[in-house]
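Student: Sharing a structure, written as structure tokens. Questions coming.
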Protein chains: 2
Amino acid sequence: MSYNAPLKDMLFVMNELANLSEINQLPGCEDATPDTVEAVLEENAKFCGEVVAPLNHPGDKEPSYWHDGQVTTSKGFKEAFRSFADAGWQGVQHPAEFGGQGLPKLVATPCIEMLNASNIAFALVGLLTDGAIEALLTAGTDEQKTRFIEPLISGKWTGTMNLTEPQAGSDLAAVRTRAVPQGDGTYKVFGTKIFITYGEHDMAENIIHLVLARTPDAPAGVKGISLFIVPKFHVNADGSLGERNDVHCVSIEHKLGIKASPTAVLQFGDHGGAIGTLVGEENRGLEYMFIMMNAARFGVGMQGIGLAERAYQQAVAFAKERVQSRAVEGSSGPVAIINHPDVRRMLMSMRAQTEAARALAYVGAGLSDLAHSHPDEATRKTNLALYEYLVPVIKGWSTEMSENVARDGVQVHGGMGFIEETGAAQHYRDAKILTIYEGTTAIQANDLVGRKTVRDGGAVAKAILAQVRATEAQLADAQDADLAAIRTQLVAGSAALEAVVDYVVANTKADPRAVFAGSVVYLKLAGVVLGGWQMARAALVARNKLAAGDGDAAFYRAKIATARFFADHILSQADGLRHAIVDGSAGVLALDVEQF
Amino acid sequence: MSYNAPLKDMLFVMNELANLSEINQLPGCEDATPDTVEAVLEENAKFCGEVVAPLNHPGDKEPSYWHDGQVTTSKGFKEAFRSFADAGWQGVQHPAEFGGQGLPKLVATPCIEMLNASNIAFALVGLLTDGAIEALLTAGTDEQKTRFIEPLISGKWTGTMNLTEPQAGSDLAAVRTRAVPQGDGTYKVFGTKIFITYGEHDMAENIIHLVLARTPDAPAGVKGISLFIVPKFHVNADGSLGERNDVHCVSIEHKLGIKASPTAVLQFGDHGGAIGTLVGEENRGLEYMFIMMNAARFGVGMQGIGLAERAYQQAVAFAKERVQSRAVEGSSGPVAIINHPDVRRMLMSMRAQTEAARALAYVGAGLSDLAHSHPDEATRKTNLALYEYLVPVIKGWSTEMSENVARDGVQVHGGMGFIEETGAAQHYRDAKILTIYEGTTAIQANDLVGRKTVRDGGAVAKAILAQVRATEAQLADAQDADLAAIRTQLVAGSAALEAVVDYVVANTKADPRAVFAGSVVYLKLAGVVLGGWQMARAALVARNKLAAGDGDAAFYRAKIATARFFADHILSQADGLRHAIVDGSAGVLALDVEQF
């Protein structure tokens with residue numbers, strides 16, 4: 001159950017598909033030279049493989065636990081987090097002025113993948129801390145930035161996002177937590193927050209809770225929500241810790257997976273009021289929260305990809321080792337099960353989906369870097385729109401596919417997969433949260449339909465489809481059986497996606513129920529087609545490298561075969577998905593509630 | 001988390017699709033009158049709902065445990081099994097001469113569904129006992145039948161199937177357990193068996209292990225395996241219990257799901273030899289075991305359907321109760337989430353797949369009754385072939401779909417689904433064993449390709465397709481928008497399935513690796529098309545009933561809508577699956593082992 005980071009594929013994707021050399025030219029990204037990037041990734045791979053990955057299964061077996069308001073995390077987590085922070089890994093993508101490494105998102109992304117492949121439950125504390133840092137960078141005062149960001153980047157403290165309440169899950173309009181101004185610039189916060197990841201733990205000196213709450217005169221709904229900093233321990237002006245604040249962990253959840261990660265119920269203000277300070281302006285909390293949430297959504301997509309890679313590696317190792325039954329074409333005795341065609345099919349499915357999702361996500365990260373750092377405003381704007389279209393797809397599709405991959409990972413193990421000791425089942429359990437938290441797949445799909453497709457009349461979607469068409473033309477020129485087969489499926493896939501974009505744009509206003517009946521299917525179709533597009537691009541690069549006699553031929557041949565698999569087994573679903581969206585709403589919506 | 005048996009749908013399928021009235025005419029099935037059947041089902045529903053279903057979640061929380069060779073089952077299981085047996089439920093389908101009720105398989109099938117919907121971990125003890133009874137009925141001597149069957153049917157004792165060994169999972173050729181003849185008609189059995197469901201427990205006085213083992217001079221491979229009865233306690237000639245036999249439970253597994261069901265490692269013969277008696281002839285053990293295995297495979301398919309129904313009911317209940325967010329078309333306030341289109345889509349997907357799999361399985365049960373009880377030999381033979389084609393599809397597809405349904409069940413619950421207390425996660429965990437035990441989906445698919453399709457040149461598959469075509473013709477006559485939409489997908493689906501059958505028949509000998517690379521996809525395609533066919537048949541019946549003003553109009557309208565959903569969302573995948581099978585082997589098989 002070890003983890004070996006797929007550095008070769010990561011670097012291939014960064015260099016050949018996500019344009020690292022172009023990103024490296026951007027102002028502020030000059031440090032991201034090919035050599036530096038490779039060194040960073042190698043160092044991160046070593047750290048993750050040696051320190052973090054070995055804690056994954058033990059943390060599942062002996063989860064964090066609550067006693068009398070304190071949470072003790074799984075054995076080794078505290079020490080590993082110290083090493084993680086001391087090595088500077090929390091700060092990869094954060095500004096150098098607060099102690100970060102200031103590297104582009106494209107470079108931080110494989111690091112996040114490796115950390116999550118190693119141990120999702122562990123990685124979460126950093127993911128949430130990243131979110132808190134982003135929110136403070138965006139909306140914090142200079143004093144808040146100075147006081148909080150550096151200790152968060154150094155790992156002295158960690159951060160949380162406090163959104164959910166019992167009656168307010170996906171629906172943040174229902175948030176009831178109150179924040180009462182004290183006249184001294186502070187607020188007293190009262191309320192209950194649930195599902196707070198690392199809401200209490202013993203891995204850092206302080207926990208900086210970012211909390212959504214309503215001020216007394218706030219308007220109803222999402223327009224009356226403000227964002228507050230509520231530290232576990234008050235922070236003095238000199239940065240030292242003061243008194244314990246009135247926020248307490250009353251329990252943690254007993255969960256299906258990510259058991260080492262404590263999921264807290266936090267009680268604010270039961271003993272007089274938890275003191276908080278406002279971030280940014282009143283009533284704009286949701287806007288700021290969405291900044292951290294968008295970063296977190298991308299991060300959860302990476303969790304799916306990391307988990308899928310880990311499940312794949314474990315299944316491959318088992319399939320090479322386990323000897324069972326003769327080969328279907330005949331053999332002198334039983335063979336390793338990797339030789340059985342259906343085991344091979346499952347492994348290829350796991351591999352192809354993981355590689356496709358990785359490519360799409362890294363390309364997204366590169367677009368984000370262009371959106372933030374390109375000197376030309378129009379270029380920034382264009383790339384931001386492309387990136388924002390991809391975020392719900394990266395989050396939604398990468399996590400949905402990770403469930404399937406983890407499932408196949410158990411299946412490859414046969415009966416042994418069902419035994420917890422084997423470890424394959426942990427991935428199956430852990431994966432199930434990824435399509436739920438930071439916005440369920442349906443919430444991502446709402447975003448894809450509403451803000452990302454309908455709002456601009458499908459313009460960004462069409463711009464992406466034009467790029468897909470350009471790849472199709474290159475495939476047509478290639479005179480290669482594999483690339484021709486890939487092209488056939490990509491042409492069908494892009495036609496299906498275009499038909500759906502047109503349908504969504506034309507019908508959302510007049511018949512929203514019909515369109516939203518297919519929203520998640522649209523998201524999956526987008527993932528399948530755009531993932532298939534990236535695999536097609538990869539196959540083109542690989543074929544050119546092979547023709548030039550350049551580099552690792554076995555790697556490039558495997559890339560073409562994997563792209564071919566993706567086209568024939570995954571992308572081939574596209575037209576069926578189109579049908580379900582465009583013609584499938586009647587069946588979804590026909591029943592009365594009473595008929596269920 | 002209660003369970004209400006879907007008696008209306010069950011009776012609809014039995015009467016309208018599986019020809020209960022025809023089965024009732026068969027010799028030996030005269031008792032299965034409509035009134036009796038309804039009464040049996042109602043009584044079973046009551047028992048399962050009141051006694052068995054409430055033990056499901058507690059059994060998961062406090063699993064059976066091992067101490068010093070003894071297994072204590074979860075609280076309430078012992079008493080519930082006593083009630084189950086005393087009420088005669090173990091004997092529904094077994095011969096009256098041994099104390100059973102002698103009802104057709106078509107009537108036993110909904111009872112098995114209800115028991116499994118209530119509690120899979122509990123139902124397993126009966127499922128395995130059914131298997132032991134079948135094997136003894138087929139191959140046991142009169143004395144063995146007399147001595148063992150009645151106490152198994154009465155639930156005084158239970159049965160097990162001992163196939164798996166550490167090196168022999170799917171590959172029974174690798175079985176090493178030895179059986180040494182003692183010259184007195186008995187054998188001493190030595191070896192280790194793993195994954196033995198209810199291999200040790202406290203719910204009955206004795207456990208009758210049916211064990212695969214090799215005699216000293218047996219040929220290698222599957223042709224050298226014999227079947228033995230090895231009781232936990234010896235059984236005297238008068239049926240009373242004798243000494244403890246030398247078979248001992250050395251541990252039970254820590255599993256992902258079905259935790260209340262003890263999965264034993266059994267050690268045979270560590271203290272001198274476990275005494276066993278041969279069943280049938282030497283070296284024919286695998287043949288007999290397949291008799292119980294085929295019955296068990298059908299039963300596991302029913303487990304998938306039962307689990308899917310339970311997960312569906314739980315998700316519906318939550319979706320009606322949980323209020324969150326406004327309606328996409330606008331609403332004055334937050335609404336119950338069942339009103340959100342994507343929740344509706346998930347519920348319809350769960351419902352449609354469950355109903356389709358139920359219909360296909362019940363139709364299969366009816367074919368089995370015709371195969372066993374019809375007076376005309378040719379009719380028996382025809383129906384046996386049809387039934388045997390369906391068994392791997394019923395086992396493989398119903399269980400694969402149950403994983404998807406259980407997954408959607410968690411997803412409908414959002415964050416609450418990830419909390420174990422809610423209970424939705426248990427279904428997700430429990431479901432994962434169903435595609436593995438009694439032969440993984442790949443093993444079912446091998447059977448479907450080899451014995452069920454290639455061996456007769458696709459004749460049975462084509463005979464079924466001819467029936468599908470007849471349904472398509474009826475749909476064409478119906479002049480109804482829903483039925484027309486269903487027909488379009490069914491026509492495409494049956495064409496896809498026919499193309500695949502032709503491909504399999506034409507290529508298995510010449511290129512087995514290519515065909516087996518698509519074997520599981522073929523199984524899924526068969527499930528999708530044949531399940532869609534049953535839903536189309538159901539929609540036709542429902543439409544005729546509505547036209548005649550006959551019966552429960554809301555039920556029939558829901559049936560048509562559900563069939564429409566199945567066609568547009570599930571059956572619409574058929575052509576993509578065909579492509580993956582017929583054109584997809586290159587991508588599956590291209591990589592060398594070292595490239596993984």
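Residue numbering restarts at 1 for every chain of the structure tokens, chains are lettered A, B, ... in their displayed order, and ligands are numbered from 1 as they appear.
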Would you list which chain B residues are within 6 Å of chain A using only C-alpha atoms, as a CSV table (one decimal) with C-alpha atoms, in the first residue's frame?
Tutor:
chain,number,residue,atom,x,y,z
B,171,ASP,CA,-9.9,-20.6,-9.3
B,254,HIS,CA,-13.2,-7.6,9.7
B,255,LYS,CA,-15.2,-6.5,6.7
B,256,LEU,CA,-16.4,-3.5,4.8
B,324,GLN,CA,-33.3,22.8,1.6
B,325,SER,CA,-33.1,25.6,-1.0
B,329,GLU,CA,-38.5,27.3,-11.1
B,341,PRO,CA,-34.8,17.9,-10.3
B,342,ASP,CA,-31.4,16.2,-9.7
B,345,ARG,CA,-33.3,12.1,-11.3
B,414,GLY,CA,-25.8,14.8,1.1
B,418,PHE,CA,-21.6,10.1,5.0
B,419,ILE,CA,-22.5,9.9,8.7
B,420,GLU,CA,-22.9,6.2,9.7
B,436,ILE,CA,-17.8,-10.4,-5.6
B,512,PRO,CA,-10.6,-15.0,-26.8
B,516,PHE,CA,-13.2,-11.4,-22.8
B,517,ALA,CA,-11.9,-7.9,-22.7
B,561,ALA,CA,-43.0,7.0,-16.4
B,564,ARG,CA,-39.7,5.9,-19.9
B,565,PHE,CA,-37.0,7.0,-17.5
B,568,ASP,CA,-34.0,7.4,-21.8
B,569,HIS,CA,-31.4,7.2,-19.1
B,572,SER,CA,-29.8,4.8,-24.0
B,573,GLN,CA,-26.3,3.6,-23.0
B,576,GLY,CA,-21.9,3.0,-26.3
B,580,ALA,CA,-16.8,-0.6,-26.1
B,584,GLY,CA,-12.8,-1.5,-27.6
B,587,GLY,CA,-7.2,-0.2,-25.7
B,588,VAL,CA,-7.8,-2.8,-23.1
Student: Using DSSP on the backbone coordinates, identify all residues within stretch 33-261 of chain A classified as strand (DSSP E); present the result as a count of residues only.
Tutor: 55
Student: Name the residues in contact with A:Glu388 at a cut-off of 8 Å, using only C-alpha atoms, excluding same-chain residues fewer than 4 positions from it; report them as a PyMOL selection string.
Tutor: chain A and resi 384+392+452
Student: With only C-alpha atoms as the counted atoms, please give the residues lying no more than 10 Å from stretch 37-52 of chain B, apart from itself and same-chain residues fewer than 3 positions off, as a VMD selection string.
Tutor: chain B and resid 2 to 8 10 to 11 14 20 24 31 to 34 55 to 56 76 to 77 79 to 81 83 to 84 87 89 92 103 106 to 108 110 to 120 122 to 123
Student: Give me the residues near B:Ala461 as a list in words, where near means some atom within 9 Å (using only C-alpha atoms) and where sequence neighbours in that chain fewer than 5 positions away do not count.
Tutor: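 What passes the distance filter is Leu386, Tyr389, Lys452, Thr453, Ala466, Glu498 and Val501 of chain B.
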Student: Create the file for the chosen residues now, containing C-alpha atoms and written as a compact mmCIF listing (two decimals), in the first residue's frame.
Tutor:
# COMPACT_ATOMS: atom_id res chain seq x y z
CA LEU B 386 -33.58 -19.42 -21.21
CA TYR B 389 -28.82 -17.58 -19.94
CA LYS B 452 -24.37 -19.39 -22.34
CA THR B 453 -23.54 -17.75 -25.68
CA ALA B 466 -36.86 -12.50 -30.98
CA GLU B 498 -27.59 -8.66 -31.25
CA VAL B 501 -23.90 -11.67 -29.57
Student: Quick one: of A:Gln474, A:Ala357, A:Ala463, A:Val449, who's nearest to A:Asn383, counting only C-alpha atoms?
Tutor: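 Looking at the shortest contact to A:Asn383, the residue is A:Ala463.
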Student: Excluding B:Val393 and its own-chain neighbours fewer than 3 positions away, which residues fall within 8 Å of it when counting only C-alpha atoms? Please give them as a PDB file with N, CA and C atoms, in the first residue's frame.
Tutor:
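As a result, result_35.pdb now contains:
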ATOM      1  N   TYR B 389     -29.402 -18.798 -19.333  1.00  0.00           N
ATOM      2  CA  TYR B 389     -28.815 -17.585 -19.942  1.00  0.00           C
ATOM      3  C   TYR B 389     -28.979 -16.400 -18.986  1.00  0.00           C
ATOM      4  N   LEU B 390     -30.138 -16.353 -18.349  1.00  0.00           N
ATOM      5  CA  LEU B 390     -30.418 -15.180 -17.503  1.00  0.00           C
ATOM      6  C   LEU B 390     -29.670 -15.181 -16.169  1.00  0.00           C
ATOM      7  N   GLY B 396     -25.116 -10.826 -12.042  1.00  0.00           N
ATOM      8  CA  GLY B 396     -24.115  -9.796 -12.317  1.00  0.00           C
ATOM      9  C   GLY B 396     -24.710  -8.402 -12.419  1.00  0.00           C
ATOM     10  N   TRP B 397     -25.737  -8.282 -13.196  1.00  0.00           N
ATOM     11  CA  TRP B 397     -26.275  -6.934 -13.429  1.00  0.00           C
ATOM     12  C   TRP B 397     -27.035  -6.396 -12.219  1.00  0.00           C
ATOM     13  N   SER B 398     -27.818  -7.248 -11.570  1.00  0.00           N
ATOM     14  CA  SER B 398     -28.591  -6.769 -10.410  1.00  0.00           C
ATOM     15  C   SER B 398     -27.664  -6.298  -9.300  1.00  0.00           C
ATOM     16  N   GLN B 444     -19.224 -14.293 -13.682  1.00  0.00           N
ATOM     17  CA  GLN B 444     -20.561 -14.390 -14.312  1.00  0.00           C
ATOM     18  C   GLN B 444     -20.447 -14.131 -15.810  1.00  0.00           C
ATOM     19  N   ALA B 445     -19.637 -13.142 -16.149  1.00  0.00           N
ATOM     20  CA  ALA B 445     -19.504 -12.762 -17.559  1.00  0.00           C
ATOM     21  C   ALA B 445     -18.803 -13.859 -18.361  1.00  0.00           C
ATOM     22  N   LEU B 448     -21.463 -16.233 -19.059  1.00  0.00           N
ATOM     23  CA  LEU B 448     -22.376 -15.716 -20.091  1.00  0.00           C
ATOM     24  C   LEU B 448     -21.763 -15.869 -21.480  1.00  0.00           C
ATOM     25  N   LEU B 523     -22.160  -8.371 -20.338  1.00  0.00           N
ATOM     26  CA  LEU B 523     -23.117  -8.697 -19.276  1.00  0.00           C
ATOM     27  C   LEU B 523     -23.952  -7.459 -18.912  1.00  0.00           C
ATOM     28  N   LYS B 524     -23.290  -6.322 -18.796  1.00  0.00           N
ATOM     29  CA  LYS B 524     -24.046  -5.104 -18.447  1.00  0.00           C
ATOM     30  C   LYS B 524     -25.015  -4.732 -19.557  1.00  0.00           C
ATOM     31  N   ALA B 526     -26.424  -6.767 -21.651  1.00  0.00           N
ATOM     32  CA  ALA B 526     -27.547  -7.711 -21.582  1.00  0.00           C
ATOM     33  C   ALA B 526     -28.512  -7.300 -20.475  1.00  0.00           C
ATOM     34  N   GLY B 527     -27.976  -6.897 -19.334  1.00  0.00           N
ATOM     35  CA  GLY B 527     -28.839  -6.464 -18.233  1.00  0.00           C
ATOM     36  C   GLY B 527     -29.653  -5.241 -18.605  1.00  0.00           C
TER      37      GLY B 527
END
